[in-house]
Amino acid sequence: MTTPRTVLISGASVSGPALAYWLHRAGFAVTVVEKAGALRGGGYPVDIRGTATEVVRRMGLWPRLRQAHVGPRRATFLDAAGRTVATLRAPADEGEPRDLEIRRGDLADALYGLVRDDVEFLFGDSVSRFEPAGHGVDVTFRSGRQGTYDLVIGADGMHSATRAALFGPEERHHRYLGHCFALFTLPNPAHLHRELVLWNTPGKAAALYATGDGPEVHGFLTFHHPEPPLGVLRDPDAQRALVAGVFAGEGWEIPRMVAAVRDTDDLFFDTAGQIRMPRWTHGRAALVGDAAYAPSFLTGQGTSLALSGAYVLAHALAAHRDHTAAFAAYEHRMRPYVTANQALVDEGGATLFPVTAQALEERDARLRTLDTLPSARPRPAHTALTLPDYEGRPASSSGVTRARPVR
C-alpha cells in the first residue's frame, strides 16, 4: 500500500478547508492548523462569483449555499447630510441566481462540514518554525507539537504568518490601495431588513447592512488615507482613535457607529490592499487564497479566488507526483486569472467610495437615473479560469489519516 503524501495547511477560513477537501479526495493525508480556538463564525457577507460557483457545485454545496443567499432587497444612498440620493430595489427574482452572496460564517461552516471527519484539525495552535529538509518540511508548533510533512501550504489570509516565515516580510508583497476600513456589528433599532444604507462624502463612506431581520446589523466605515497607517495596525485602541478622529463631526448615524467601534468586541480594522508576488511557491511550500493573491474587498473577488485557487492547486498536486511540476502547473493556470481579477480594483473603488467631490457627484447623478439596482453584470475576469476535470477518488468519511508520527 502506498503511503499517502502528507500536507499541512495553515488556516481554516475558506481556502484552507476547500483545499483540504480536494486533497483528501485525491488521497492525501491532510492536517489543518488554525490559531483560533474554534471555527470562526459570523463575519461580513462575501460573494461567490463566476468560476467559483462551479467549484462549489462540484463540491456538492450549491443547494446549501443557495439557501444561505442573503443579497440585499434594497439599497439606499445618502449624501453628507443624511438625505436620500437614491433608493434602488433589487431586480425582480428571475429564478436561480448566477452568483451568491452569503455570510462568511455560513460558508466556513459548510466547508468545514465536508472535511471535519476526514481531515485532522488542530485548533488553538499555529506554526512557530518551518525547517525545510530533503524529505519534507519539519514543523514545530507553538504548542510544542512537532511533525514532518511532505508539503506545507499557507492559507492564512492577507497577513499570512506562513508567507512571512517562508517568503519574507509582508512589505515586499503588499500593494496599498489608499483606503482603511473598519467592520463591526451594532444594534438595529431601525429594523433594517435585507437592505444596505450607504452614506458618502468625498473620501469617506459609512454603511449599515442588514442581511436578515435580526437585532444587529453590520457596520462599515471606510476612508481614504494617502499613506498606510502602519503604526495602528496592531493596536486596537489606536485604530479606534483613528476612526473617531476621521469621522468627528459627521452627521447621520456616524456618531452611533463611532461609539460602536469604541465599544464592540468584534472590530476588524485593516487597510485595503493587494498581495502581489512573483511566485507563490518555494521549495515544498505554497500559498493559496489571500495569502498568495489577495485582490482586496474593492474587487469583491477574494472569496472566489480563494475557492478557485484551492481547486487548481489540489488538482495540480493530484496530477503531478513531483511537487515542483505541480507547483509550476498551479502558477501557470492561476496567474492570468488572478491578474485579471486584481485589475478590477479601480472599478470597485470608484463606484462605492469616490474620493473627489466631482467623482461623487457623477456617481450620484447615475444613481438618480435608476429605479433598481443594476444586475451584477458578469465581468470577463470572473470566468477567465477554466477548471480542469478533477479525477481524485470520491470523498468518504472513513476516518482521519494522520501525518507521519509526531515526534
# chains A, B, ... in the order shown; residues from 1 in each chain; ligands from 1
$ select_by_dssp --residues "stretch 135-245 of chain A" --states "alpha helix (DSSP H)" --output "CSV table (one decimal) with N, CA, C and O atoms, in the first residue's frame"
chain,number,residue,atom,x,y,z
A,161,ALA,N,1.2,34.5,8.3
A,161,ALA,CA,2.4,34.3,9.0
A,161,ALA,C,3.3,33.2,8.2
A,161,ALA,O,4.5,33.3,8.3
A,162,THR,N,2.6,32.3,7.5
A,162,THR,CA,3.3,31.4,6.7
A,162,THR,C,4.1,32.1,5.6
A,162,THR,O,5.3,31.8,5.4
A,163,ARG,N,3.5,33.0,5.0
A,163,ARG,CA,4.2,33.8,3.9
A,163,ARG,C,5.4,34.5,4.5
A,163,ARG,O,6.5,34.6,3.9
A,164,ALA,N,5.2,35.2,5.7
A,164,ALA,CA,6.3,35.9,6.3
A,164,ALA,C,7.5,35.0,6.6
A,164,ALA,O,8.6,35.4,6.4
A,165,ALA,N,7.2,33.8,7.1
A,165,ALA,CA,8.2,32.9,7.5
A,165,ALA,C,9.0,32.3,6.3
A,165,ALA,O,10.2,32.1,6.4
A,166,LEU,N,8.3,32.1,5.2
A,166,LEU,CA,8.9,31.4,4.1
A,166,LEU,C,9.2,32.2,2.9
A,166,LEU,O,10.1,31.9,2.1
A,167,PHE,N,8.6,33.4,2.8
A,167,PHE,CA,8.8,34.3,1.6
A,167,PHE,C,9.2,35.7,2.0
A,167,PHE,O,9.4,36.5,1.1
A,236,PRO,N,-5.5,48.0,18.6
A,236,PRO,CA,-6.9,48.3,18.5
A,236,PRO,C,-7.3,49.6,19.1
A,236,PRO,O,-8.2,50.3,18.5
A,237,ASP,N,-6.7,50.1,20.2
A,237,ASP,CA,-7.0,51.4,20.7
A,237,ASP,C,-6.7,52.5,19.7
A,237,ASP,O,-7.4,53.5,19.6
A,238,ALA,N,-5.5,52.4,19.1
A,238,ALA,CA,-5.1,53.4,18.1
A,238,ALA,C,-6.0,53.3,16.9
A,238,ALA,O,-6.3,54.4,16.3
A,239,GLN,N,-6.5,52.2,16.5
A,239,GLN,CA,-7.5,52.1,15.4
A,239,GLN,C,-8.7,52.8,15.7
A,239,GLN,O,-9.3,53.5,14.9
A,240,ARG,N,-9.3,52.6,16.9
A,240,ARG,CA,-10.5,53.2,17.3
A,240,ARG,C,-10.3,54.8,17.4
A,240,ARG,O,-11.2,55.5,16.9
A,241,ALA,N,-9.2,55.2,17.8
A,241,ALA,CA,-8.9,56.6,17.9
A,241,ALA,C,-8.8,57.2,16.5
A,241,ALA,O,-9.3,58.3,16.2
A,242,LEU,N,-8.2,56.5,15.5
A,242,LEU,CA,-8.1,57.0,14.2
A,242,LEU,C,-9.4,57.1,13.5
A,242,LEU,O,-9.7,58.1,12.9
A,243,VAL,N,-10.3,56.1,13.7
A,243,VAL,CA,-11.6,56.1,13.1
A,243,VAL,C,-12.4,57.3,13.7
A,243,VAL,O,-13.1,58.1,13.0
A,244,ALA,N,-12.3,57.5,15.0
A,244,ALA,CA,-13.1,58.6,15.7
A,244,ALA,C,-12.6,59.9,15.2
A,244,ALA,O,-13.4,60.8,15.0
A,245,GLY,N,-11.3,60.1,15.0
A,245,GLY,CA,-10.8,61.3,14.5
A,245,GLY,C,-11.2,61.7,13.1
A,245,GLY,O,-11.6,62.8,12.8
$ residues_around --residues "stretch 133-148 of chain A" --least-positions-apart "5" --cutoff "12 Å" --atoms "only C-alpha atoms" --output "NGL selection string"
:A and (5-10 or 30-31 or 33-35 or 122-128 or 153 or 162 or 165-166 or 282-285 or 323 or 402-407)
$ closest_residue --among "A:Gly41, A:Pro215, A:Pro255, A:Gly273" --to "A:Phe181" --atoms "only C-alpha atoms"
A:Gly273
$ residues_around --residues "stretch 64-76 of chain A" --least-positions-apart "2" --cutoff "8 Å" --atoms "only C-alpha atoms" --output "ChimeraX atom specification"
/A:45,61-62,78,84-90,100-103,106-107,110,194-198,210-212,373
$ closest_atom_pairs --of "stretch 265-293 of chain A" --to "stretch 333-337 of chain A" --cutoff "12 Å" --atoms "only C-alpha atoms" --output "tab-separated table"
residue	atom	partner	partner_atom	distance
A:Arg276	CA	A:Arg335	CA	10.5
A:Met277	CA	A:Arg335	CA	10.2
A:Pro278	CA	A:Arg335	CA	9.7
A:Arg279	CA	A:Arg335	CA	9.5
A:Trp280	CA	A:Arg335	CA	9.6
A:Leu287	CA	A:Met334	CA	11.9
A:Val288	CA	A:Met334	CA	10.2
A:Gly289	CA	A:Met334	CA	10.9
A:Ala292	CA	A:Arg335	CA	10.5
A:Tyr293	CA	A:Arg335	CA	9.2
$ residues_around --residues "A:Val14" --least-positions-apart "4" --cutoff "10 Å" --atoms "only C-alpha atoms" --output "MDAnalysis selection string"
chainID A and resid 18:19 104:105 107:112 155:157 289:290 302:304 306:307 310
$ write_last_selection --atoms "N, CA and C atoms" --output "PDB file, in the first residue's frame"
ATOM      1  N   ALA A  18     -11.274  24.269   1.848  1.00  0.00           N
ATOM      2  CA  ALA A  18     -11.561  23.892   0.463  1.00  0.00           C
ATOM      3  C   ALA A  18     -10.423  23.065  -0.116  1.00  0.00           C
ATOM      4  N   LEU A  19      -9.197  23.491   0.121  1.00  0.00           N
ATOM      5  CA  LEU A  19      -8.038  22.734  -0.345  1.00  0.00           C
ATOM      6  C   LEU A  19      -7.986  21.373   0.331  1.00  0.00           C
ATOM      7  N   ARG A 104     -20.011  34.990   5.692  1.00  0.00           N
ATOM      8  CA  ARG A 104     -18.738  34.268   5.703  1.00  0.00           C
ATOM      9  C   ARG A 104     -18.800  33.053   6.631  1.00  0.00           C
ATOM     10  N   GLY A 105     -19.459  33.223   7.767  1.00  0.00           N
ATOM     11  CA  GLY A 105     -19.568  32.107   8.698  1.00  0.00           C
ATOM     12  C   GLY A 105     -20.344  30.935   8.130  1.00  0.00           C
ATOM     13  N   LEU A 107     -20.439  30.054   4.970  1.00  0.00           N
ATOM     14  CA  LEU A 107     -19.528  29.375   4.048  1.00  0.00           C
ATOM     15  C   LEU A 107     -18.506  28.549   4.814  1.00  0.00           C
ATOM     16  N   ALA A 108     -17.933  29.120   5.883  1.00  0.00           N
ATOM     17  CA  ALA A 108     -16.946  28.384   6.680  1.00  0.00           C
ATOM     18  C   ALA A 108     -17.561  27.119   7.275  1.00  0.00           C
ATOM     19  N   ASP A 109     -18.792  27.218   7.776  1.00  0.00           N
ATOM     20  CA  ASP A 109     -19.467  26.046   8.339  1.00  0.00           C
ATOM     21  C   ASP A 109     -19.661  24.963   7.286  1.00  0.00           C
ATOM     22  N   ALA A 110     -20.066  25.380   6.088  1.00  0.00           N
ATOM     23  CA  ALA A 110     -20.313  24.406   5.022  1.00  0.00           C
ATOM     24  C   ALA A 110     -19.030  23.703   4.605  1.00  0.00           C
ATOM     25  N   LEU A 111     -17.948  24.454   4.455  1.00  0.00           N
ATOM     26  CA  LEU A 111     -16.679  23.843   4.059  1.00  0.00           C
ATOM     27  C   LEU A 111     -16.154  22.914   5.136  1.00  0.00           C
ATOM     28  N   TYR A 112     -16.229  23.340   6.377  1.00  0.00           N
ATOM     29  CA  TYR A 112     -15.748  22.523   7.485  1.00  0.00           C
ATOM     30  C   TYR A 112     -16.560  21.233   7.591  1.00  0.00           C
ATOM     31  N   ALA A 155      -2.557  29.125   3.938  1.00  0.00           N
ATOM     32  CA  ALA A 155      -3.899  29.583   3.565  1.00  0.00           C
ATOM     33  C   ALA A 155      -4.414  30.499   4.665  1.00  0.00           C
ATOM     34  N   ASP A 156      -3.509  31.297   5.226  1.00  0.00           N
ATOM     35  CA  ASP A 156      -3.803  32.052   6.443  1.00  0.00           C
ATOM     36  C   ASP A 156      -3.963  33.543   6.209  1.00  0.00           C
ATOM     37  N   GLY A 157      -4.544  33.912   5.078  1.00  0.00           N
ATOM     38  CA  GLY A 157      -5.011  35.262   4.876  1.00  0.00           C
ATOM     39  C   GLY A 157      -3.966  36.262   4.414  1.00  0.00           C
ATOM     40  N   GLY A 289      -5.104  31.476  -1.911  1.00  0.00           N
ATOM     41  CA  GLY A 289      -6.062  32.455  -1.410  1.00  0.00           C
ATOM     42  C   GLY A 289      -5.398  33.789  -1.112  1.00  0.00           C
ATOM     43  N   ASP A 290      -5.952  34.512  -0.122  1.00  0.00           N
ATOM     44  CA  ASP A 290      -5.441  35.842   0.187  1.00  0.00           C
ATOM     45  C   ASP A 290      -3.968  35.842   0.568  1.00  0.00           C
ATOM     46  N   GLY A 302     -12.255  38.224  -3.503  1.00  0.00           N
ATOM     47  CA  GLY A 302     -11.352  37.492  -2.628  1.00  0.00           C
ATOM     48  C   GLY A 302     -11.778  36.060  -2.371  1.00  0.00           C
ATOM     49  N   THR A 303     -13.046  35.859  -2.041  1.00  0.00           N
ATOM     50  CA  THR A 303     -13.539  34.513  -1.753  1.00  0.00           C
ATOM     51  C   THR A 303     -13.527  33.648  -3.008  1.00  0.00           C
ATOM     52  N   SER A 304     -13.892  34.234  -4.138  1.00  0.00           N
ATOM     53  CA  SER A 304     -13.911  33.464  -5.386  1.00  0.00           C
ATOM     54  C   SER A 304     -12.510  33.011  -5.788  1.00  0.00           C
ATOM     55  N   ALA A 306     -10.089  32.497  -3.684  1.00  0.00           N
ATOM     56  CA  ALA A 306      -9.678  31.503  -2.699  1.00  0.00           C
ATOM     57  C   ALA A 306     -10.230  30.126  -3.041  1.00  0.00           C
ATOM     58  N   LEU A 307     -11.503  30.051  -3.407  1.00  0.00           N
ATOM     59  CA  LEU A 307     -12.114  28.761  -3.751  1.00  0.00           C
ATOM     60  C   LEU A 307     -11.527  28.196  -5.038  1.00  0.00           C
ATOM     61  N   ALA A 310      -7.824  27.058  -4.506  1.00  0.00           N
ATOM     62  CA  ALA A 310      -7.735  25.788  -3.784  1.00  0.00           C
ATOM     63  C   ALA A 310      -7.972  24.614  -4.724  1.00  0.00           C
TER      64      ALA A 310
END
$ select_by_dssp --residues "stretch 52-272 of chain A" --states "strand (DSSP E)" --output "short mmCIF file (atom, residue, chain, number, x, y, z; two decimals) with N, CA, C and O atoms, in the first residue's frame"
data_model
loop_
_atom_site.label_atom_id
_atom_site.label_comp_id
_atom_site.auth_asym_id
_atom_site.auth_seq_id
_atom_site.Cartn_x
_atom_site.Cartn_y
_atom_site.Cartn_z
N ARG A 74 -32.90 45.95 -1.14
CA ARG A 74 -32.97 47.38 -1.38
C ARG A 74 -31.66 48.02 -0.96
O ARG A 74 -31.01 47.57 -0.02
N ALA A 75 -31.27 49.08 -1.67
CA ALA A 75 -30.09 49.85 -1.30
C ALA A 75 -30.45 51.32 -1.35
O ALA A 75 -31.03 51.80 -2.33
N THR A 76 -30.11 52.04 -0.27
CA THR A 76 -30.37 53.48 -0.19
C THR A 76 -29.04 54.21 -0.08
O THR A 76 -28.20 53.85 0.75
N PHE A 77 -28.86 55.22 -0.92
CA PHE A 77 -27.64 56.02 -0.95
C PHE A 77 -27.95 57.40 -0.37
O PHE A 77 -28.94 58.03 -0.75
N LEU A 78 -27.09 57.84 0.53
CA LEU A 78 -27.30 59.09 1.25
C LEU A 78 -26.17 60.07 0.98
O LEU A 78 -25.03 59.66 0.73
N THR A 84 -31.58 61.37 1.26
CA THR A 84 -31.59 60.29 0.28
C THR A 84 -31.22 60.80 -1.11
O THR A 84 -31.83 61.75 -1.62
N VAL A 85 -30.23 60.18 -1.69
CA VAL A 85 -29.85 60.45 -3.07
C VAL A 85 -30.65 59.55 -4.01
O VAL A 85 -31.17 59.99 -5.03
N ALA A 86 -30.73 58.28 -3.64
CA ALA A 86 -31.48 57.32 -4.45
C ALA A 86 -31.77 56.10 -3.61
O ALA A 86 -30.98 55.72 -2.73
N THR A 87 -32.96 55.51 -3.84
CA THR A 87 -33.31 54.23 -3.23
C THR A 87 -33.61 53.26 -4.36
O THR A 87 -34.50 53.51 -5.18
N LEU A 88 -32.86 52.19 -4.41
CA LEU A 88 -32.96 51.25 -5.52
C LEU A 88 -33.38 49.89 -5.02
O LEU A 88 -32.84 49.37 -4.04
N ARG A 89 -34.36 49.31 -5.69
CA ARG A 89 -34.81 47.95 -5.36
C ARG A 89 -33.93 46.92 -6.05
O ARG A 89 -33.31 47.21 -7.08
N LEU A 100 -23.67 34.16 -5.80
CA LEU A 100 -24.20 34.09 -4.45
C LEU A 100 -23.54 35.13 -3.56
O LEU A 100 -22.37 35.46 -3.73
N GLU A 101 -24.30 35.62 -2.60
CA GLU A 101 -23.77 36.43 -1.51
C GLU A 101 -24.22 35.77 -0.22
O GLU A 101 -25.42 35.59 0.01
N ILE A 102 -23.26 35.36 0.60
CA ILE A 102 -23.59 34.64 1.82
C ILE A 102 -22.73 35.13 2.97
O ILE A 102 -21.68 35.74 2.77
N ARG A 103 -23.16 34.86 4.19
CA ARG A 103 -22.37 35.21 5.35
C ARG A 103 -21.10 34.36 5.36
O ARG A 103 -21.14 33.16 5.09
N GLU A 120 -7.50 16.08 9.79
CA GLU A 120 -7.10 16.42 11.15
C GLU A 120 -7.05 17.94 11.30
O GLU A 120 -6.35 18.63 10.56
N PHE A 121 -7.81 18.46 12.27
CA PHE A 121 -7.81 19.89 12.57
C PHE A 121 -7.15 20.12 13.91
O PHE A 121 -7.45 19.45 14.91
N LEU A 122 -6.25 21.10 13.95
CA LEU A 122 -5.57 21.50 15.17
C LEU A 122 -5.96 22.94 15.47
O LEU A 122 -5.34 23.88 14.97
N PHE A 123 -7.02 23.13 16.25
CA PHE A 123 -7.46 24.48 16.61
C PHE A 123 -6.67 24.97 17.81
O PHE A 123 -6.20 24.20 18.63
N VAL A 127 2.00 27.54 13.73
CA VAL A 127 3.38 27.11 13.46
C VAL A 127 4.34 28.17 14.00
O VAL A 127 4.18 29.36 13.74
N SER A 128 5.34 27.72 14.72
CA SER A 128 6.37 28.64 15.20
C SER A 128 7.65 28.52 14.39
O SER A 128 8.45 29.46 14.34
N ARG A 129 7.83 27.38 13.69
CA ARG A 129 9.07 27.22 12.92
C ARG A 129 8.88 26.20 11.81
O ARG A 129 8.30 25.13 12.00
N PHE A 130 9.36 26.57 10.63
CA PHE A 130 9.47 25.65 9.50
C PHE A 130 10.95 25.35 9.28
O PHE A 130 11.78 26.26 9.30
N GLU A 131 11.27 24.11 9.03
CA GLU A 131 12.66 23.73 8.75
C GLU A 131 12.66 22.85 7.50
O GLU A 131 12.46 21.63 7.58
N PRO A 132 12.86 23.46 6.31
CA PRO A 132 12.88 22.67 5.09
C PRO A 132 13.96 21.58 5.16
O PRO A 132 15.07 21.82 5.66
N ALA A 133 13.62 20.41 4.68
CA ALA A 133 14.55 19.28 4.65
C ALA A 133 14.33 18.51 3.35
O ALA A 133 13.30 18.65 2.69
N GLY A 136 11.13 16.52 3.30
CA GLY A 136 9.88 17.20 3.57
C GLY A 136 10.14 18.50 4.30
O GLY A 136 11.16 19.16 4.09
N VAL A 137 9.20 18.87 5.18
CA VAL A 137 9.34 20.07 5.99
C VAL A 137 9.11 19.69 7.44
O VAL A 137 8.06 19.13 7.79
N ASP A 138 10.11 19.95 8.27
CA ASP A 138 9.96 19.74 9.71
C ASP A 138 9.27 20.96 10.30
O ASP A 138 9.68 22.10 10.07
N VAL A 139 8.22 20.72 11.07
CA VAL A 139 7.39 21.81 11.60
C VAL A 139 7.34 21.72 13.12
O VAL A 139 7.12 20.65 13.68
N THR A 140 7.55 22.85 13.75
CA THR A 140 7.37 22.97 15.20
C THR A 140 6.20 23.91 15.45
O THR A 140 6.16 25.01 14.90
N PHE A 141 5.25 23.44 16.26
CA PHE A 141 4.06 24.23 16.57
C PHE A 141 4.27 24.98 17.88
O PHE A 141 5.08 24.58 18.73
N GLN A 146 5.44 18.61 17.29
CA GLN A 146 6.32 18.62 16.12
C GLN A 146 5.84 17.57 15.11
O GLN A 146 5.25 16.55 15.48
N GLY A 147 6.09 17.82 13.86
CA GLY A 147 5.71 16.88 12.82
C GLY A 147 6.49 17.12 11.55
O GLY A 147 7.12 18.18 11.39
N THR A 148 6.46 16.14 10.68
CA THR A 148 7.12 16.26 9.38
C THR A 148 6.08 16.05 8.30
O THR A 148 5.30 15.09 8.35
N TYR A 149 6.06 16.94 7.32
CA TYR A 149 5.07 16.91 6.27
C TYR A 149 5.76 16.98 4.91
O TYR A 149 6.79 17.64 4.76
N LEU A 151 4.49 18.45 2.31
CA LEU A 151 4.23 19.77 1.77
C LEU A 151 3.60 20.65 2.83
O LEU A 151 2.87 20.16 3.70
N VAL A 152 3.83 21.95 2.72
CA VAL A 152 3.21 22.94 3.61
C VAL A 152 2.53 23.99 2.75
O VAL A 152 3.12 24.51 1.79
N ILE A 153 1.27 24.32 3.10
CA ILE A 153 0.50 25.29 2.34
C ILE A 153 0.03 26.40 3.28
O ILE A 153 -0.60 26.13 4.30
N GLY A 154 0.32 27.64 2.92
CA GLY A 154 -0.17 28.78 3.67
C GLY A 154 -1.50 29.25 3.11
O GLY A 154 -1.58 29.68 1.97
N HIS A 174 2.98 43.61 -0.41
CA HIS A 174 1.72 44.32 -0.19
C HIS A 174 1.64 45.57 -1.05
O HIS A 174 2.55 46.39 -1.07
N ARG A 175 0.53 45.73 -1.74
CA ARG A 175 0.25 46.94 -2.52
C ARG A 175 -0.89 47.69 -1.84
O ARG A 175 -2.05 47.24 -1.86
N TYR A 176 -0.58 48.80 -1.22
CA TYR A 176 -1.58 49.58 -0.51
C TYR A 176 -2.45 50.34 -1.51
O TYR A 176 -1.95 50.91 -2.48
N LEU A 177 -3.78 50.36 -1.25
CA LEU A 177 -4.72 50.94 -2.21
C LEU A 177 -5.35 52.24 -1.73
O LEU A 177 -6.31 52.72 -2.33
N GLY A 178 -4.82 52.81 -0.65
CA GLY A 178 -5.24 54.14 -0.27
C GLY A 178 -6.47 54.25 0.60
O GLY A 178 -6.98 55.35 0.81
N HIS A 179 -6.99 53.13 1.10
CA HIS A 179 -8.17 53.17 1.95
C HIS A 179 -7.92 52.35 3.22
O HIS A 179 -7.19 51.35 3.21
N CYS A 180 -8.57 52.77 4.30
CA CYS A 180 -8.65 51.98 5.54
C CYS A 180 -10.12 51.68 5.80
O CYS A 180 -11.01 52.42 5.36
N PHE A 181 -10.39 50.60 6.52
CA PHE A 181 -11.79 50.29 6.81
C PHE A 181 -11.92 49.61 8.16
O PHE A 181 -10.98 48.99 8.68
N ALA A 182 -13.11 49.73 8.73
CA ALA A 182 -13.46 49.08 9.99
C ALA A 182 -14.78 48.35 9.81
O ALA A 182 -15.75 48.93 9.31
N LEU A 183 -14.82 47.09 10.21
CA LEU A 183 -16.02 46.27 10.18
C LEU A 183 -16.41 45.93 11.62
O LEU A 183 -15.54 45.62 12.44
N PHE A 184 -17.71 45.91 11.90
CA PHE A 184 -18.17 45.65 13.26
C PHE A 184 -19.67 45.41 13.22
O PHE A 184 -20.31 45.58 12.16
N THR A 185 -20.26 45.01 14.33
CA THR A 185 -21.71 44.89 14.42
C THR A 185 -22.22 45.90 15.43
O THR A 185 -21.51 46.31 16.35
N LEU A 186 -23.48 46.29 15.25
CA LEU A 186 -24.11 47.23 16.17
C LEU A 186 -25.62 46.99 16.14
O LEU A 186 -26.13 46.31 15.24
N PRO A 187 -26.35 47.52 17.13
CA PRO A 187 -27.80 47.29 17.18
C PRO A 187 -28.53 47.82 15.96
O PRO A 187 -28.05 48.71 15.25
N GLU A 195 -31.26 44.89 3.61
CA GLU A 195 -31.02 46.13 2.87
C GLU A 195 -29.70 46.76 3.28
O GLU A 195 -29.16 46.52 4.36
N LEU A 196 -29.21 47.59 2.37
CA LEU A 196 -27.96 48.33 2.54
C LEU A 196 -28.27 49.82 2.54
O LEU A 196 -29.02 50.31 1.69
N VAL A 197 -27.70 50.54 3.51
CA VAL A 197 -27.78 52.00 3.53
C VAL A 197 -26.35 52.51 3.50
O VAL A 197 -25.55 52.18 4.38
N LEU A 198 -26.03 53.30 2.47
CA LEU A 198 -24.65 53.76 2.26
C LEU A 198 -24.60 55.28 2.25
O LEU A 198 -25.26 55.94 1.45
N TRP A 199 -23.80 55.83 3.15
CA TRP A 199 -23.58 57.28 3.29
C TRP A 199 -22.20 57.60 2.73
O TRP A 199 -21.25 56.88 2.98
N ASN A 200 -22.13 58.71 1.98
CA ASN A 200 -20.84 59.10 1.38
C ASN A 200 -20.58 60.58 1.53
O ASN A 200 -21.49 61.41 1.41
N THR A 201 -19.33 60.92 1.77
CA THR A 201 -18.77 62.22 1.43
C THR A 201 -17.49 61.90 0.67
O THR A 201 -17.03 60.75 0.67
N LYS A 204 -14.84 59.42 2.18
CA LYS A 204 -15.36 58.73 3.37
C LYS A 204 -16.67 58.04 3.03
O LYS A 204 -17.45 58.54 2.21
N ALA A 205 -16.90 56.91 3.67
CA ALA A 205 -18.17 56.21 3.49
C ALA A 205 -18.52 55.47 4.76
O ALA A 205 -17.64 55.06 5.53
N ALA A 206 -19.82 55.33 4.98
CA ALA A 206 -20.33 54.55 6.10
C ALA A 206 -21.50 53.73 5.59
O ALA A 206 -22.30 54.20 4.78
N ALA A 207 -21.61 52.50 6.06
CA ALA A 207 -22.69 51.64 5.60
C ALA A 207 -23.27 50.86 6.76
O ALA A 207 -22.55 50.44 7.67
N LEU A 208 -24.57 50.66 6.70
CA LEU A 208 -25.27 49.72 7.55
C LEU A 208 -25.86 48.66 6.64
O LEU A 208 -26.54 48.99 5.65
N TYR A 209 -25.59 47.41 6.95
CA TYR A 209 -26.04 46.33 6.08
C TYR A 209 -26.72 45.27 6.94
O TYR A 209 -26.09 44.64 7.79
N ALA A 210 -28.01 45.08 6.70
CA ALA A 210 -28.78 44.05 7.39
C ALA A 210 -28.96 42.87 6.45
O ALA A 210 -29.59 42.99 5.39
N GLU A 216 -29.17 42.92 15.12
CA GLU A 216 -27.91 43.59 14.82
C GLU A 216 -27.73 43.74 13.32
O GLU A 216 -28.30 43.00 12.52
N VAL A 217 -26.93 44.74 12.96
CA VAL A 217 -26.56 44.96 11.56
C VAL A 217 -25.05 45.02 11.48
O VAL A 217 -24.35 45.23 12.48
N HIS A 218 -24.54 44.85 10.27
CA HIS A 218 -23.11 45.03 10.03
C HIS A 218 -22.84 46.51 9.80
O HIS A 218 -23.55 47.17 9.02
N GLY A 219 -21.84 47.03 10.48
CA GLY A 219 -21.41 48.39 10.26
C GLY A 219 -20.09 48.40 9.50
O GLY A 219 -19.26 47.51 9.67
N PHE A 220 -19.94 49.42 8.68
CA PHE A 220 -18.75 49.52 7.84
C PHE A 220 -18.38 50.98 7.73
O PHE A 220 -19.20 51.81 7.33
N LEU A 221 -17.16 51.33 8.11
CA LEU A 221 -16.63 52.68 7.95
C LEU A 221 -15.34 52.59 7.15
O LEU A 221 -14.45 51.79 7.47
N THR A 222 -15.23 53.39 6.11
CA THR A 222 -14.01 53.39 5.31
C THR A 222 -13.63 54.82 4.96
O THR A 222 -14.49 55.70 4.88
N PHE A 223 -12.35 55.04 4.78
CA PHE A 223 -11.89 56.39 4.47
C PHE A 223 -10.59 56.33 3.69
O PHE A 223 -9.80 55.39 3.81
N HIS A 224 -10.40 57.35 2.86
CA HIS A 224 -9.18 57.48 2.08
C HIS A 224 -8.05 57.94 3.00
O HIS A 224 -8.24 58.84 3.82
N PHE A 268 -13.01 44.67 13.30
CA PHE A 268 -11.97 44.23 12.36
C PHE A 268 -11.54 45.46 11.58
O PHE A 268 -12.32 46.04 10.83
N PHE A 269 -10.30 45.87 11.78
CA PHE A 269 -9.75 47.04 11.12
C PHE A 269 -8.59 46.62 10.23
O PHE A 269 -7.77 45.78 10.63
N ASP A 270 -8.53 47.20 9.04
CA ASP A 270 -7.41 46.87 8.15
C ASP A 270 -7.31 47.93 7.07
O ASP A 270 -8.15 48.85 6.98
N THR A 271 -6.29 47.81 6.27
CA THR A 271 -6.15 48.64 5.09
C THR A 271 -6.62 47.86 3.87
O THR A 271 -6.58 46.62 3.85
N ALA A 272 -7.10 48.57 2.87
CA ALA A 272 -7.41 47.93 1.60
C ALA A 272 -6.11 47.75 0.84
O ALA A 272 -5.35 48.70 0.64
#
$ atom_distance --atom1 "atom CA of A:Trp252" --atom2 "atom CA of A:Arg366"
22.7 Å
$ residues_around --residues "stretch 340-345 of chain A" --least-positions-apart "3" --cutoff "6 Å" --atoms "only C-alpha atoms" --output "JSON, numbers by chain"
{"A": [295, 298, 299, 337, 348, 381]}
$ write_last_selection --atoms "N, CA and C atoms" --output "PDB file, in the first residue's frame"
ATOM      1  N   PRO A 295      -7.018  40.131  -3.604  1.00  0.00           N
ATOM      2  CA  PRO A 295      -7.340  41.174  -4.580  1.00  0.00           C
ATOM      3  C   PRO A 295      -7.923  42.432  -3.940  1.00  0.00           C
ATOM      4  N   LEU A 298     -12.334  45.682  -2.579  1.00  0.00           N
ATOM      5  CA  LEU A 298     -12.810  46.573  -3.637  1.00  0.00           C
ATOM      6  C   LEU A 298     -13.140  45.821  -4.923  1.00  0.00           C
ATOM      7  N   THR A 299     -12.598  44.639  -5.107  1.00  0.00           N
ATOM      8  CA  THR A 299     -12.917  43.827  -6.281  1.00  0.00           C
ATOM      9  C   THR A 299     -14.077  42.884  -6.026  1.00  0.00           C
ATOM     10  N   TYR A 337      -5.677  34.437 -14.301  1.00  0.00           N
ATOM     11  CA  TYR A 337      -6.968  34.653 -13.630  1.00  0.00           C
ATOM     12  C   TYR A 337      -6.819  35.644 -12.482  1.00  0.00           C
ATOM     13  N   GLY A 348     -14.293  48.957  -8.491  1.00  0.00           N
ATOM     14  CA  GLY A 348     -14.979  48.874  -7.208  1.00  0.00           C
ATOM     15  C   GLY A 348     -14.804  50.123  -6.375  1.00  0.00           C
ATOM     16  N   ALA A 381     -13.342  38.830 -16.236  1.00  0.00           N
ATOM     17  CA  ALA A 381     -12.392  38.326 -15.236  1.00  0.00           C
ATOM     18  C   ALA A 381     -13.005  37.270 -14.340  1.00  0.00           C
TER      19      ALA A 381
END
$ atom_distance --atom1 "atom CA of A:Arg40" --atom2 "atom CA of A:Val115"
15.6 Å
